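As structure tokens, the structure follows; a few thoughts come after it.
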Amino acid sequence: MTQVQINLQVFPPMPVVLVGTHVAGRPNFMAQGWITRCNYEPPLLAVAINKGHYTYEGIMQTRQFSICIPGRDLLLETDYCGIVSGRDEDKADLFEVFYGNLPSAPLIADCPLNLACYVVNELEFTTNTLFIAEICEAYADNTKMDGTRPGFREIDPFILTMPDNSYWSLGEPIGKAWQDGKKLDGE
Ligand SMILES: Cc1cc2nc3c(=O)[nH]c(=O)nc-3n(C[C@H](O)[C@H](O)[C@H](O)COP(=O)(O)O)c2cc1C
């Protein structure tokens with residue numbers, strides 16, 4: 001095996017979510033791959049959003065957004081939300097929406113996992129703004145749980161790879177985190 005140098009536009013595999021916010025008083029949703037948790041307590045996550053997106057306008061106005069995690073049954077709608085801008089097409093009626101305590105964080109009834117978030121900080125880059133937000137409320141479909149926790153086999157989320165622009169299913173569990181490595185301890 002030889003390691004070869006490749007183009008710098010490299011992306012780790014990404015979970016696919018929908019970012020919801022209110023723009024001009026209407027719910028709007030965009031597809032999002034650049035998302036990560038970034039603090040444990042308080043529970044913070046970060047999303048990198050292009051400054052040209054309609055969603056960006058909404059988050060700048062309201063400081064609130066939702067992270068809605070779709071299952072594979074919502075793949076077409078999710079991809080559509082990543083192709084079409086709310087500036088050109090109203091995406092509000094694509095989903096049945098509900099709300100928790102944040103009035104500008106629209107949640108999606110058909111998404112098995114929904115997080116309502118409030119922006120606490122932001123970092124400006126050339127094309128994107130990284131919004132860091134606190135998860136204020138979390139909702140899960142009670143038929144897709146593993147005990148009291150989200151059951152990811154049941155949720156059936158999907159993954160994006162770039163630059164081949166493919167969606168992948170999660171696949172089978174192949175190990176236990178913070179556990180399997182112990183087998184190498186003391187070798
Ligand atoms: C799978 C997928 C993932 C995407 N991830 C991001 C992302 O992380 N950040 C971003 O700014 N745009 C991302 N986009 C592009 C936006 O979703 C797309 O431009 C969308 O139409 C913007 O909608 P809006 O103008 O209504 O906000 C992604 C698109 C797709 C299809």
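Ordering of the structure tokens sets the chain letters (A, B, ...); residue numbers start at 1 within each chain; ligands are numbered from 1 in the order shown.
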request  = Assign secondary structure with DSSP using the backbone only, and return the residues of segment 85-183 of chain A in helix (DSSP H, G or I) as a PyMOL selection string.
outcome  = chain A and resi 92-94+152-155+180-183
inquiry  = For ligand 1, return the neighbouring residues as a ChimeraX atom specification (distance at most 10 Å; only C-alpha atoms and all ligand atoms).
reply    = /A:14-21,23,27-35,47-59,75-76,78-92,127-130,158-162,165-167
note = Closest of A:Gly181, A:Ala133, A:Pro112, A:Thr126 to Arg149 of chain A, counting only C-alpha atoms, is A:Pro112
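Taking atom CA of Cys117 of chain A and atom CA of Leu102 of chain A as endpoints, the distance between them is 7.9 Å.
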task = Please give the complete set of residues from segment 80-174 of chain A that DSSP, run on the backbone, assigns to strand (DSSP E or B), formatted as a PyMOL selection string.
result = chain A and resi 97-98+107-108+113-124+128-140+145-146+149-150+158-161+166-169
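Reported to one decimal place, the separation of atom CA of Trp168 of chain A from atom CA of Val10 of chain A is 17.3 Å.
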Per residue of segment 126-166 of chain A within 10 Å of segment 61-67 of chain A, which atom pair is closest and at what distance in Å (one decimal), using only C-alpha atoms, listed by chain and increasing number, as CSV?
residue,atom,partner,partner_atom,distance
A:Phe131,CA,A:Arg63,CA,9.2
A:Ala133,CA,A:Gln64,CA,8.3
A:Glu134,CA,A:Gln64,CA,9.6
A:Ile135,CA,A:Ser66,CA,8.9
A:Cys136,CA,A:Ser66,CA,9.9
A:Glu137,CA,A:Ser66,CA,9.5
A:Ala138,CA,A:Ile67,CA,9.4
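Rounded to one decimal, atom CA of Leu113 of chain A and atom CA of Pro70 of chain A lie 7.3 Å from each other.
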message = List the spatial neighbours of Asn142 of chain A as an MDAnalysis selection string - criterion: any atom at most 12 Å away, only C-alpha atoms, same-chain residues fewer than 4 positions off excluded.
response = chainID A and resid 109:113 146:151 154:155
Could you dump the residues just selected with N, CA, C and O atoms as a compact mmCIF listing (two decimals), in the first residue's frame?
# COMPACT_ATOMS: atom_id res chain seq x y z
N ALA A 109 -42.92 16.22 12.54
CA ALA A 109 -43.60 15.09 13.18
C ALA A 109 -43.09 13.75 12.65
O ALA A 109 -43.01 12.78 13.40
N ASP A 110 -42.75 13.67 11.37
CA ASP A 110 -42.32 12.40 10.78
C ASP A 110 -40.83 12.11 10.96
O ASP A 110 -40.35 11.07 10.51
N CYS A 111 -40.08 13.03 11.59
CA CYS A 111 -38.68 12.75 11.89
C CYS A 111 -38.59 12.05 13.24
O CYS A 111 -39.17 12.53 14.22
N PRO A 112 -37.86 10.95 13.33
CA PRO A 112 -37.81 10.22 14.58
C PRO A 112 -37.06 10.94 15.70
O PRO A 112 -37.20 10.58 16.86
N LEU A 113 -36.25 11.94 15.34
CA LEU A 113 -35.48 12.67 16.34
C LEU A 113 -35.51 14.16 15.98
O LEU A 113 -35.22 14.52 14.83
N ASP A 146 -34.69 2.77 22.08
CA ASP A 146 -34.00 1.62 22.64
C ASP A 146 -34.05 1.85 24.16
O ASP A 146 -33.17 2.50 24.71
N GLY A 147 -35.13 1.40 24.78
CA GLY A 147 -35.36 1.75 26.19
C GLY A 147 -35.73 3.22 26.27
O GLY A 147 -36.68 3.67 25.63
N THR A 148 -34.95 4.00 27.04
CA THR A 148 -35.24 5.44 27.19
C THR A 148 -34.43 6.28 26.20
O THR A 148 -34.54 7.50 26.20
N ARG A 149 -33.60 5.61 25.38
CA ARG A 149 -32.71 6.35 24.47
C ARG A 149 -33.15 6.16 23.03
O ARG A 149 -33.84 5.17 22.71
N PRO A 150 -32.72 7.09 22.14
CA PRO A 150 -33.07 6.88 20.73
C PRO A 150 -32.51 5.56 20.23
O PRO A 150 -31.36 5.22 20.52
N GLY A 151 -33.31 4.82 19.50
CA GLY A 151 -32.85 3.54 18.94
C GLY A 151 -32.44 3.76 17.49
O GLY A 151 -33.29 3.93 16.61
N GLU A 154 -33.84 1.56 14.69
CA GLU A 154 -35.23 1.90 14.35
C GLU A 154 -35.29 3.26 13.62
O GLU A 154 -36.08 3.44 12.68
N ILE A 155 -34.48 4.21 14.05
CA ILE A 155 -34.50 5.55 13.45
C ILE A 155 -34.04 5.49 11.99
O ILE A 155 -34.54 6.21 11.14
